[in-house]
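Q: Can you keep this structure in mind? I'll have questions shortly.
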Protein chains: 2
Amino acid sequence: MKTYRYEQNPLITPKDVKPFHEGFDVIGAFNAGVAVYGDEILMLLRVAERPISPDPDLVLAPVFNPDRGAVDLVEIRKDDVRYDFSDPRVIRDVTVTSGFAYLTSLSYIRIARSRDGRHFTVDDQPFVYPSQQLESFGIEDPRVTQIGDTYYIYFSAVSPVGIGESMVSTKDFVSVVHHGMIFGPDNKDVLIFPEKVNGKYYALHRPTVKSIGYPEIWIAESDNLLYWGNHKHLAGLREGMWDSGRIGGGAVPFRTEKGWLELYHGATKEHRYCMGALLLDLDDPSKVIARSGVPVLEPVADYERNGFFGDVVFSCGAIVEGDTVKMYYGVADTSMACAELSLQEILDSLVYL
Amino acid sequence: MKTYRYEQNPLITPKDVKPFHEGFDVIGAFNAGVAVYGDEILMLLRVAERPISPDPDLVLAPVFNPDRGAVDLVEIRKDDVRYDFSDPRVIRDVTVTSGFAYLTSLSYIRIARSRDGRHFTVDDQPFVYPSQQLESFGIEDPRVTQIGDTYYIYFSAVSPVGIGESMVSTKDFVSVVHHGMIFGPDNKDVLIFPEKVNGKYYALHRPTVKSIGYPEIWIAESDNLLYWGNHKHLAGLREGMWDSGRIGGGAVPFRTEKGWLELYHGATKEHRYCMGALLLDLDDPSKVIARSGVPVLEPVADYERNGFFGDVVFSCGAIVEGDTVKMYYGVADTSMACAELSLQEILDSLVYL
C-alpha cells in the first residue's frame, strides 16, 4: 500500500506548544481528534504537561483539584519502595497487580488550526480543561463527530476512581456544553458514528476488563448520544498478529460503498502500536465484513519510533476526500503527524470474512 | 439492631432443586431476585449446576454453546500446571494476574413460588436460561424491578469476552422479552430504581475496574431503561471497615421518608460479605445522605458461615411492608434465607454525612 507521509511531519511537536501551567513542561501534543470547521482544519490536541521537579529524587504527580480549580502536586520520592517508576507515563503501586496510582503528566485539550492541513497554529489557551472530580488526572485522546452543525467531542476522563469516556459539544469551538460521562469505567477509545443507522446512533467502545476477557472493541447503540445500551462484542485480539495485545477504535468511522470503515489501532503485547482497518455492515455496524491482515500504517519513521513512548502510531481522526484518506495520528505519545492513504487500496487490502 | 431470621431458614437449598442438566449436580440455589406477583412471592433463584466428573483427576467446565443450544463440557486435568483450582468457583489461568478462565458451574434463573414468603416450591424448568454468546458461561444474580405491570429482570451475563449486565422483561413470568446488554463489561450488581426521579430513571451499577480504582458503586441515568449514561461515582470502599474490599448494590432501592434506601453488600479483602445500607437523596439519588457504619446483617448463622463459599450474606431483593423489611438473601453461595429488619431501626442506625 502506498503511504504518503507529509514532508511537514511531525506537524506539531511539544516545542510548538507553550505550557499552560507555570513550572510545567509540555511533553506531548498528540492523539488529536480532527474536525473541519469553516475553512479550517482543527486538530484537538491532547496536550500533556509535566511538573518540573526541583529535586531529581522527587517525582511530582499532578492532580486537578476541582475545589480550587487548580492543580495540586503530589510529591513522591523515587526511592519510595511502594512505587514503580519504570513506565514513564505512570507511577504504579507495587502492591497492586494491574493499573496505576498516579500519572506523571496532566492532559487536556487544546486546538491547533490550519488552512492547508499541514501548517498548524496552536491556540494560546486550553479548549477543554478538567472541570470536575472524574477528570482530576486529566482528559485524554479526544475524538470529534460532527452531526449537523454540532461537534460532539468525547475523551477519556481519568481519575482515581476510574477511566471513563465523557462528552462535550460545541457549535463554534469557543463555548462547550458538558454532557457528563457517557461510558462508565473502565472504558476508552469511544467512536460515535456520524449518522444514525436504521434509526439508531452507534458507537464503538473499548472496555478494559478485569474479571475475564481482553481489551477489545465493542459496539453500543443510542437514541440521543447521551445514553448507550445494547452492548455487543465486535472484534477481538488476534494471536501472533500485529493486533494481538490490545485494540481500540481510532478515527471516526466513515461511510464507504462497501461498508463503514473504521481505522483502529492494534498493539502487540510489547506495545508496538499500528493502525489497521475494520469494515462494518452499512445497515448493521455490529457485523464485521472485513479486517486488515497487515497494518495500513506501522511506526517506521524516526518520529514514530522515538519519543516519550516510542513505536506508536495512534490515530483519533481522519479527513476523507474522494479516494484520499488524510489520517492524522499521534506519534510516540509525543507529536502529531499525517499520512495520506488511498481508500480503494485500504478496501482492497482487507481480508473479507 | 433486632434481626429476625425465619425459623424456616434456609428457605431453599440445592437439595430442593432438581438438576435441569443430566449428569449435573445443583450446587447452588441462591442470590435470588424477589418479586410480588398476584398473591405470590417469587424468588428468581440463581441456580448453579456443576457437571459430575467421571474422573477425580479431571475437572469439567460447562460452556453453553448457542449454535447447539446446549452445554459443552471442557475437560481440564487437575495436574495441568497452566491452571489454578484453589477457588472452588472458578478455574484460573496462572499466566494471567486477575480474573478467571472458566467457571466450574453454569448458572441460570429458576423461579420458586410462595404464598407466605417462607415455604417455597421450585419450578421444574428454568425461567431464564442462557440464549446467546454473551451468556455462554451463564447468567447470575438476578434483580427484579417492577414498573407498572412490567417486571424488569437483569443479571450478570458471563462469557469469555467479559461480564456485563443484560435485561429481560415480563408481565406474567412465563414469556420474556430480551433487551440485550444494558451495561457493558466489566460490570455487575445493577439495581434499577422502581420509578423515575425528576423525569429520569436511575440505576446503581458496579464496574470492576482494572486501570485504576476499586470495585465500587456508581449511578447512571436513562430515559428508557435500555440506554444508560451520565455515570457518576456514588460510594467507595472504606479502609479498615466491613466494606473495605468490594461493594455493590444489593436489593432494589425503595423510597422512604428520609430518602432512597439501598441495601448493599460489602466485603472485606478476606471475602467476608455483609449487608449494609446507603440512604440517597429523594430528588437526586447521586447524593449519599447516610451510610451504615456497621452492617445491618452479618454472616453468623451456620447456613451463612458454611457452604460452597462461606461467610457470605448477599441480598438481591427485599419486600417492604410498613416498618418491616423482609430481606431475602443468598447464604454461602449455596442457599436462600430471609430476615426481617425494622426500617426505622435501619434508618436510625445510619451515620449521616
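Chain identifiers are assigned as A, B, and so on, following the order in which chains appear in the C-alpha cells; residues are numbered from 1 within each chain, and ligands are numbered from 1 in order of appearance.
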With 6 Å as the limit and counting only C-alpha atoms, what residues in chain A lie close to chain B? Please list them as a list in words.
A: Gly99, Phe100, Pro160, Val161, Gly162, Gly180, Met181, Ile182, Gly184, Asp186, Val209, Lys210, Ser211, Ile212, Gly213, Leu226, Tyr227, Trp228, Gly229, Asn230 and His231 of chain A
Q: Let's have the selection written as a CSV table (one decimal), in the first residue's frame, with N, CA, C and O atoms.
A:
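The file below, part.csv, is the result:
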```
chain,number,residue,atom,x,y,z
A,99,GLY,N,-2.8,-1.8,36.6
A,99,GLY,CA,-3.1,-0.4,36.7
A,99,GLY,C,-2.0,0.5,37.3
A,99,GLY,O,-0.9,0.1,37.5
A,100,PHE,N,-2.5,1.7,37.7
A,100,PHE,CA,-1.5,2.7,38.1
A,100,PHE,C,-2.1,3.5,39.3
A,100,PHE,O,-3.3,3.5,39.6
A,160,PRO,N,-8.9,8.9,40.1
A,160,PRO,CA,-8.6,7.8,41.0
A,160,PRO,C,-9.7,6.7,41.0
A,160,PRO,O,-9.4,5.6,41.4
A,161,VAL,N,-10.9,7.1,40.7
A,161,VAL,CA,-12.0,6.1,40.7
A,161,VAL,C,-12.2,5.4,39.4
A,161,VAL,O,-13.0,4.4,39.3
A,162,GLY,N,-11.5,5.8,38.3
A,162,GLY,CA,-11.6,5.0,37.1
A,162,GLY,C,-11.4,5.9,35.9
A,162,GLY,O,-11.2,7.1,36.0
A,180,GLY,N,-21.5,15.1,30.6
A,180,GLY,CA,-21.2,14.1,31.6
A,180,GLY,C,-20.5,12.9,31.0
A,180,GLY,O,-20.1,12.9,29.8
A,181,MET,N,-20.4,11.8,31.8
A,181,MET,CA,-19.7,10.6,31.4
A,181,MET,C,-20.7,9.7,30.6
A,181,MET,O,-21.7,9.2,31.2
A,182,ILE,N,-20.4,9.4,29.4
A,182,ILE,CA,-21.3,8.6,28.5
A,182,ILE,C,-21.0,7.1,28.6
A,182,ILE,O,-21.9,6.3,28.4
A,184,GLY,N,-19.2,4.5,31.4
A,184,GLY,CA,-18.6,4.4,32.7
A,184,GLY,C,-17.3,3.6,32.6
A,184,GLY,O,-17.0,3.0,31.6
A,186,ASP,N,-14.4,0.7,33.2
A,186,ASP,CA,-13.2,1.0,32.7
A,186,ASP,C,-13.3,1.1,31.2
A,186,ASP,O,-13.4,0.0,30.6
A,209,VAL,N,-11.2,-4.9,30.7
A,209,VAL,CA,-11.9,-5.8,31.6
A,209,VAL,C,-10.9,-6.4,32.5
A,209,VAL,O,-9.7,-6.6,32.2
A,210,LYS,N,-11.4,-6.8,33.7
A,210,LYS,CA,-10.5,-7.4,34.7
A,210,LYS,C,-10.9,-8.8,35.0
A,210,LYS,O,-10.1,-9.7,35.2
A,211,SER,N,-12.2,-9.1,35.1
A,211,SER,CA,-12.7,-10.4,35.6
A,211,SER,C,-12.3,-11.5,34.5
A,211,SER,O,-11.8,-12.6,34.9
A,212,ILE,N,-12.6,-11.2,33.3
A,212,ILE,CA,-12.4,-12.1,32.2
A,212,ILE,C,-12.4,-11.3,30.9
A,212,ILE,O,-13.1,-10.3,30.8
A,213,GLY,N,-11.6,-11.8,29.9
A,213,GLY,CA,-11.6,-11.1,28.6
A,213,GLY,C,-10.4,-10.2,28.4
A,213,GLY,O,-9.5,-10.2,29.2
A,226,LEU,N,-26.4,10.4,24.4
A,226,LEU,CA,-26.0,10.5,25.8
A,226,LEU,C,-26.1,9.2,26.6
A,226,LEU,O,-25.3,9.0,27.5
A,227,TYR,N,-27.1,8.4,26.3
A,227,TYR,CA,-27.4,7.2,27.0
A,227,TYR,C,-27.1,6.0,26.0
A,227,TYR,O,-27.6,6.1,24.9
A,228,TRP,N,-26.4,5.0,26.4
A,228,TRP,CA,-26.0,3.9,25.5
A,228,TRP,C,-26.3,2.6,26.0
A,228,TRP,O,-26.3,2.3,27.3
A,229,GLY,N,-26.7,1.6,25.1
A,229,GLY,CA,-27.0,0.3,25.6
A,229,GLY,C,-26.9,-0.7,24.4
A,229,GLY,O,-26.3,-0.4,23.4
A,230,ASN,N,-27.5,-1.9,24.6
A,230,ASN,CA,-27.4,-3.0,23.6
A,230,ASN,C,-25.9,-3.2,23.2
A,230,ASN,O,-25.6,-3.3,22.1
A,231,HIS,N,-25.1,-3.4,24.2
A,231,HIS,CA,-23.7,-3.6,24.0
A,231,HIS,C,-23.4,-5.0,23.4
A,231,HIS,O,-23.9,-6.0,23.9
```
Q: Enumerate the residues of region 268-315 of chain A with a DSSP assignment of alpha helix (DSSP H), computed from the backbone, and present them as a PyMOL selection string.
A: chain A and resi 302-305
Q: Would you compute the distance between CA of Cys274 (chain B) and CA of Val122 (chain B)? Give it in Å to one decimal.
A: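 CA of Cys274 (chain B) sits 26.5 Å away from CA of Val122 (chain B).
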Q: Closest to Ser131 (chain B) among B:Phe64, B:Tyr202, B:Trp260, B:Phe193, using only C-alpha atoms?
A: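 Between B:Phe64, B:Tyr202, B:Trp260, B:Phe193, the residue approaching Ser131 (chain B) most closely is B:Phe64.
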Q: Need to verify the contact set: region 28-40 of chain A, 7 Å, only C-alpha atoms, exclusion of same-chain residues closer than 4 positions in sequence. Can you return it as a list in words?
A: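 Counting only the stated atoms, we get Ile12, Thr13, Pro14, Leu44, Leu45, Arg46, Val47, Ala48, Arg113, Ser114, Arg115, Asp141, Pro142, Arg143, Val144, Phe314, Ser315, Cys316, Gly317, Ala318, Tyr329, Gly330, Val331, Asp333, Thr334, Ser335 and Met336 of chain A.
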Q: Applying 8 Å and only C-alpha atoms, which residues near Ile76 (chain A) remain after dropping the ones on its own chain fewer than 3 positions away? List them as an mmCIF file with all heavy atoms, in the first residue's frame.
A:
```cif
data_model
loop_
_atom_site.group_PDB
_atom_site.id
_atom_site.type_symbol
_atom_site.label_atom_id
_atom_site.label_comp_id
_atom_site.auth_asym_id
_atom_site.auth_seq_id
_atom_site.Cartn_x
_atom_site.Cartn_y
_atom_site.Cartn_z
ATOM 1 N N LEU A 58 12.833 13.394 43.475
ATOM 2 C CA LEU A 58 11.420 13.608 43.763
ATOM 3 C C LEU A 58 10.632 13.618 42.448
ATOM 4 O O LEU A 58 11.021 14.284 41.491
ATOM 5 C CB LEU A 58 11.279 14.973 44.439
ATOM 6 C CG LEU A 58 10.170 15.205 45.441
ATOM 7 C CD1 LEU A 58 10.243 14.235 46.609
ATOM 8 C CD2 LEU A 58 10.281 16.651 45.948
ATOM 9 N N VAL A 59 9.530 12.845 42.413
ATOM 10 C CA VAL A 59 8.614 12.906 41.278
ATOM 11 C C VAL A 59 7.375 13.668 41.722
ATOM 12 O O VAL A 59 6.864 13.440 42.823
ATOM 13 C CB VAL A 59 8.232 11.493 40.790
ATOM 14 C CG1 VAL A 59 7.201 11.561 39.679
ATOM 15 C CG2 VAL A 59 9.467 10.745 40.310
ATOM 16 N N LEU A 60 6.917 14.577 40.877
ATOM 17 C CA LEU A 60 5.704 15.334 41.188
ATOM 18 C C LEU A 60 4.562 14.796 40.330
ATOM 19 O O LEU A 60 4.651 14.785 39.103
ATOM 20 C CB LEU A 60 5.913 16.818 40.894
ATOM 21 C CG LEU A 60 7.055 17.495 41.668
ATOM 22 C CD1 LEU A 60 7.178 18.964 41.238
ATOM 23 C CD2 LEU A 60 6.826 17.392 43.170
ATOM 24 N N ALA A 61 3.479 14.342 40.972
ATOM 25 C CA ALA A 61 2.312 13.846 40.240
ATOM 26 C C ALA A 61 1.242 14.935 40.254
ATOM 27 O O ALA A 61 0.821 15.368 41.328
ATOM 28 C CB ALA A 61 1.794 12.570 40.888
ATOM 29 N N ASP A 80 11.039 5.583 47.159
ATOM 30 C CA ASP A 80 9.912 5.016 47.902
ATOM 31 C C ASP A 80 9.576 3.644 47.300
ATOM 32 O O ASP A 80 9.116 3.549 46.157
ATOM 33 C CB ASP A 80 8.709 5.965 47.798
ATOM 34 C CG ASP A 80 7.565 5.558 48.717
ATOM 35 O OD1 ASP A 80 7.415 4.350 48.996
ATOM 36 O OD2 ASP A 80 6.818 6.452 49.152
#
```
Q: So that I can see what lies close to Cys338 (chain B), please list as a ChimeraX atom specification the residues with an atom at most 9 Å from it, counting only C-alpha atoms and leaving out residues fewer than 6 positions away in the same chain.
A: /B:4-6,8-11,117-118,318,326-330
Q: Take the residues that were just selected and, keeping N, CA, C and O atoms, output them as a PDB file, in the first residue's frame.
A:
```pdb
ATOM      1  N   TYR B   4     -34.661 -10.643  62.806  1.00  0.00           N
ATOM      2  CA  TYR B   4     -35.475 -11.850  62.939  1.00  0.00           C
ATOM      3  C   TYR B   4     -35.245 -12.745  61.710  1.00  0.00           C
ATOM      4  O   TYR B   4     -35.775 -12.490  60.638  1.00  0.00           O
ATOM      5  N   ARG B   5     -34.414 -13.768  61.927  1.00  0.00           N
ATOM      6  CA  ARG B   5     -34.192 -14.737  60.851  1.00  0.00           C
ATOM      7  C   ARG B   5     -35.324 -15.760  60.893  1.00  0.00           C
ATOM      8  O   ARG B   5     -35.659 -16.277  61.967  1.00  0.00           O
ATOM      9  N   TYR B   6     -35.901 -16.072  59.754  1.00  0.00           N
ATOM     10  CA  TYR B   6     -37.014 -17.026  59.722  1.00  0.00           C
ATOM     11  C   TYR B   6     -36.584 -18.386  60.278  1.00  0.00           C
ATOM     12  O   TYR B   6     -35.464 -18.843  60.022  1.00  0.00           O
ATOM     13  N   GLN B   8     -37.655 -21.019  59.220  1.00  0.00           N
ATOM     14  CA  GLN B   8     -37.568 -21.937  58.076  1.00  0.00           C
ATOM     15  C   GLN B   8     -36.225 -21.832  57.343  1.00  0.00           C
ATOM     16  O   GLN B   8     -35.979 -22.589  56.396  1.00  0.00           O
ATOM     17  N   ASN B   9     -35.377 -20.902  57.742  1.00  0.00           N
ATOM     18  CA  ASN B   9     -34.083 -20.746  57.047  1.00  0.00           C
ATOM     19  C   ASN B   9     -33.257 -22.017  57.132  1.00  0.00           C
ATOM     20  O   ASN B   9     -33.237 -22.642  58.206  1.00  0.00           O
ATOM     21  N   PRO B  10     -32.487 -22.398  56.131  1.00  0.00           N
ATOM     22  CA  PRO B  10     -32.550 -21.789  54.802  1.00  0.00           C
ATOM     23  C   PRO B  10     -33.834 -22.177  54.068  1.00  0.00           C
ATOM     24  O   PRO B  10     -34.271 -23.326  54.162  1.00  0.00           O
ATOM     25  N   LEU B  11     -34.402 -21.221  53.358  1.00  0.00           N
ATOM     26  CA  LEU B  11     -35.723 -21.420  52.743  1.00  0.00           C
ATOM     27  C   LEU B  11     -35.648 -22.382  51.562  1.00  0.00           C
ATOM     28  O   LEU B  11     -36.586 -23.147  51.315  1.00  0.00           O
ATOM     29  N   GLY B 117     -44.216 -16.474  51.915  1.00  0.00           N
ATOM     30  CA  GLY B 117     -42.864 -15.926  51.940  1.00  0.00           C
ATOM     31  C   GLY B 117     -41.881 -16.769  52.711  1.00  0.00           C
ATOM     32  O   GLY B 117     -40.712 -16.375  52.854  1.00  0.00           O
ATOM     33  N   ARG B 118     -42.354 -17.913  53.189  1.00  0.00           N
ATOM     34  CA  ARG B 118     -41.493 -18.786  53.987  1.00  0.00           C
ATOM     35  C   ARG B 118     -41.370 -20.190  53.388  1.00  0.00           C
ATOM     36  O   ARG B 118     -40.325 -20.817  53.509  1.00  0.00           O
ATOM     37  N   ALA B 318     -35.687  -7.300  48.424  1.00  0.00           N
ATOM     38  CA  ALA B 318     -36.391  -7.213  49.697  1.00  0.00           C
ATOM     39  C   ALA B 318     -37.832  -6.792  49.431  1.00  0.00           C
ATOM     40  O   ALA B 318     -38.139  -6.185  48.412  1.00  0.00           O
ATOM     41  N   LYS B 326     -38.457  -7.220  54.718  1.00  0.00           N
ATOM     42  CA  LYS B 326     -38.188  -8.658  54.563  1.00  0.00           C
ATOM     43  C   LYS B 326     -37.055  -8.795  53.552  1.00  0.00           C
ATOM     44  O   LYS B 326     -37.276  -8.691  52.350  1.00  0.00           O
ATOM     45  N   MET B 327     -35.853  -8.985  54.083  1.00  0.00           N
ATOM     46  CA  MET B 327     -34.691  -9.056  53.213  1.00  0.00           C
ATOM     47  C   MET B 327     -34.383 -10.503  52.868  1.00  0.00           C
ATOM     48  O   MET B 327     -33.972 -11.284  53.733  1.00  0.00           O
ATOM     49  N   TYR B 328     -34.615 -10.871  51.626  1.00  0.00           N
ATOM     50  CA  TYR B 328     -34.217 -12.191  51.140  1.00  0.00           C
ATOM     51  C   TYR B 328     -32.746 -12.124  50.759  1.00  0.00           C
ATOM     52  O   TYR B 328     -32.285 -11.113  50.216  1.00  0.00           O
ATOM     53  N   TYR B 329     -32.004 -13.189  51.027  1.00  0.00           N
ATOM     54  CA  TYR B 329     -30.567 -13.123  50.745  1.00  0.00           C
ATOM     55  C   TYR B 329     -29.967 -14.502  50.539  1.00  0.00           C
ATOM     56  O   TYR B 329     -30.403 -15.484  51.141  1.00  0.00           O
ATOM     57  N   GLY B 330     -28.996 -14.527  49.664  1.00  0.00           N
ATOM     58  CA  GLY B 330     -28.233 -15.733  49.438  1.00  0.00           C
ATOM     59  C   GLY B 330     -27.260 -15.957  50.577  1.00  0.00           C
ATOM     60  O   GLY B 330     -26.734 -14.993  51.149  1.00  0.00           O
TER      61      GLY B 330
END
```
Q: So what do you get for CA of His271 (chain B) versus CA of Met43 (chain B), distance-wise?
A: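 Between CA of His271 (chain B) and CA of Met43 (chain B) the gap works out to 24.9 Å.
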Q: Name the residues of region 89-313 of chain A that fall into strand (DSSP E) according to DSSP on the backbone, using the chain letters and numbers of this document, as a PyMOL selection string.
A: chain A and resi 90-93+102-103+106-114+121-122+138-147+150-159+162-170+177-183+187-192+201-207+217-222+229-235+246-249+254-255+260-267+273-280+288-292+313
Q: Of the candidates B:Val312, B:Asp189, B:Pro285, B:Tyr108, which one gets nearest to Tyr264 (chain B) if we count only C-alpha atoms?
A: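 The shortest atom-to-atom distance to Tyr264 (chain B) comes from B:Asp189.
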Q: Can you pull out the residues contacting Gly259 (chain B)? Cut-off 6 Å, using only C-alpha atoms, and skip same-chain residues under 6 positions away; I want them as an MDAnalysis selection string.
A: chainID B and resid 279:282
Q: Keeping only all heavy atoms, write the selected residues to a file as a PDB file, in the first residue's frame.
A:
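For reference, part.pdb as written:
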```pdb
ATOM      1  N   LEU B 279     -28.312   5.628  52.190  1.00  0.00           N
ATOM      2  CA  LEU B 279     -29.502   6.458  52.046  1.00  0.00           C
ATOM      3  C   LEU B 279     -29.186   7.554  51.026  1.00  0.00           C
ATOM      4  O   LEU B 279     -28.212   8.302  51.191  1.00  0.00           O
ATOM      5  CB  LEU B 279     -29.887   7.064  53.399  1.00  0.00           C
ATOM      6  CG  LEU B 279     -31.232   7.775  53.455  1.00  0.00           C
ATOM      7  CD1 LEU B 279     -32.391   6.786  53.283  1.00  0.00           C
ATOM      8  CD2 LEU B 279     -31.393   8.541  54.779  1.00  0.00           C
ATOM      9  N   LEU B 280     -29.999   7.635  49.966  1.00  0.00           N
ATOM     10  CA  LEU B 280     -29.735   8.556  48.858  1.00  0.00           C
ATOM     11  C   LEU B 280     -30.820   9.621  48.796  1.00  0.00           C
ATOM     12  O   LEU B 280     -31.988   9.360  49.112  1.00  0.00           O
ATOM     13  CB  LEU B 280     -29.697   7.774  47.539  1.00  0.00           C
ATOM     14  CG  LEU B 280     -28.774   6.544  47.530  1.00  0.00           C
ATOM     15  CD1 LEU B 280     -28.888   5.807  46.193  1.00  0.00           C
ATOM     16  CD2 LEU B 280     -27.334   6.950  47.806  1.00  0.00           C
ATOM     17  N   ASP B 281     -30.438  10.792  48.357  1.00  0.00           N
ATOM     18  CA  ASP B 281     -31.360  11.924  48.281  1.00  0.00           C
ATOM     19  C   ASP B 281     -32.584  11.589  47.406  1.00  0.00           C
ATOM     20  O   ASP B 281     -32.443  11.062  46.304  1.00  0.00           O
ATOM     21  CB  ASP B 281     -30.609  13.127  47.711  1.00  0.00           C
ATOM     22  CG  ASP B 281     -31.400  14.413  47.809  1.00  0.00           C
ATOM     23  OD1 ASP B 281     -32.353  14.592  47.004  1.00  0.00           O
ATOM     24  OD2 ASP B 281     -31.085  15.226  48.680  1.00  0.00           O
ATOM     25  N   LEU B 282     -33.779  11.902  47.913  1.00  0.00           N
ATOM     26  CA  LEU B 282     -35.012  11.568  47.186  1.00  0.00           C
ATOM     27  C   LEU B 282     -35.087  12.252  45.828  1.00  0.00           C
ATOM     28  O   LEU B 282     -35.601  11.681  44.871  1.00  0.00           O
ATOM     29  CB  LEU B 282     -36.245  11.978  48.013  1.00  0.00           C
ATOM     30  CG  LEU B 282     -36.691  11.029  49.129  1.00  0.00           C
ATOM     31  CD1 LEU B 282     -37.908  11.600  49.842  1.00  0.00           C
ATOM     32  CD2 LEU B 282     -37.016   9.634  48.582  1.00  0.00           C
TER      33      LEU B 282
END
```
Q: Ranking A:Glu257, A:Glu7, A:Asp323, A:Glu239 by minimum distance to Asp283 (chain A) and counting only C-alpha atoms, which one comes first?
A: A:Glu257
Q: Any idea what the distance is between CA of Leu237 (chain A) and CA of Asp79 (chain B)?
A: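 Value for the CA of Leu237 (chain A)-CA of Asp79 (chain B) distance: 28.6 Å.
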Q: So that I can see what lies close to Leu263 (chain B), please list as a PDB file with C-alpha atoms, in the first residue's frame the residues with an atom at most 8 Å from it, counting only C-alpha atoms and leaving out residues fewer than 2 positions away in the same chain.
A:
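Once everything was written out, this is around11.pdb:
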```
ATOM      1  CA  GLY B 249     -25.762  -2.784  45.087  1.00  0.00           C
ATOM      2  CA  GLY B 250     -27.983  -5.444  46.669  1.00  0.00           C
ATOM      3  CA  ALA B 251     -31.752  -5.084  46.892  1.00  0.00           C
ATOM      4  CA  VAL B 252     -33.786  -2.790  44.614  1.00  0.00           C
ATOM      5  CA  PRO B 253     -33.739   0.701  46.195  1.00  0.00           C
ATOM      6  CA  LEU B 261     -32.786   3.217  50.876  1.00  0.00           C
ATOM      7  CA  HIS B 265     -23.297  -5.732  50.102  1.00  0.00           C
ATOM      8  CA  MET B 275     -25.202  -6.275  54.115  1.00  0.00           C
ATOM      9  CA  GLY B 276     -25.415  -2.568  54.948  1.00  0.00           C
ATOM     10  CA  ALA B 277     -27.456   0.432  53.841  1.00  0.00           C
ATOM     11  CA  LEU B 278     -26.997   3.626  51.831  1.00  0.00           C
ATOM     12  CA  SER B 315     -29.250  -9.854  49.134  1.00  0.00           C
TER      13      SER B 315
END
```
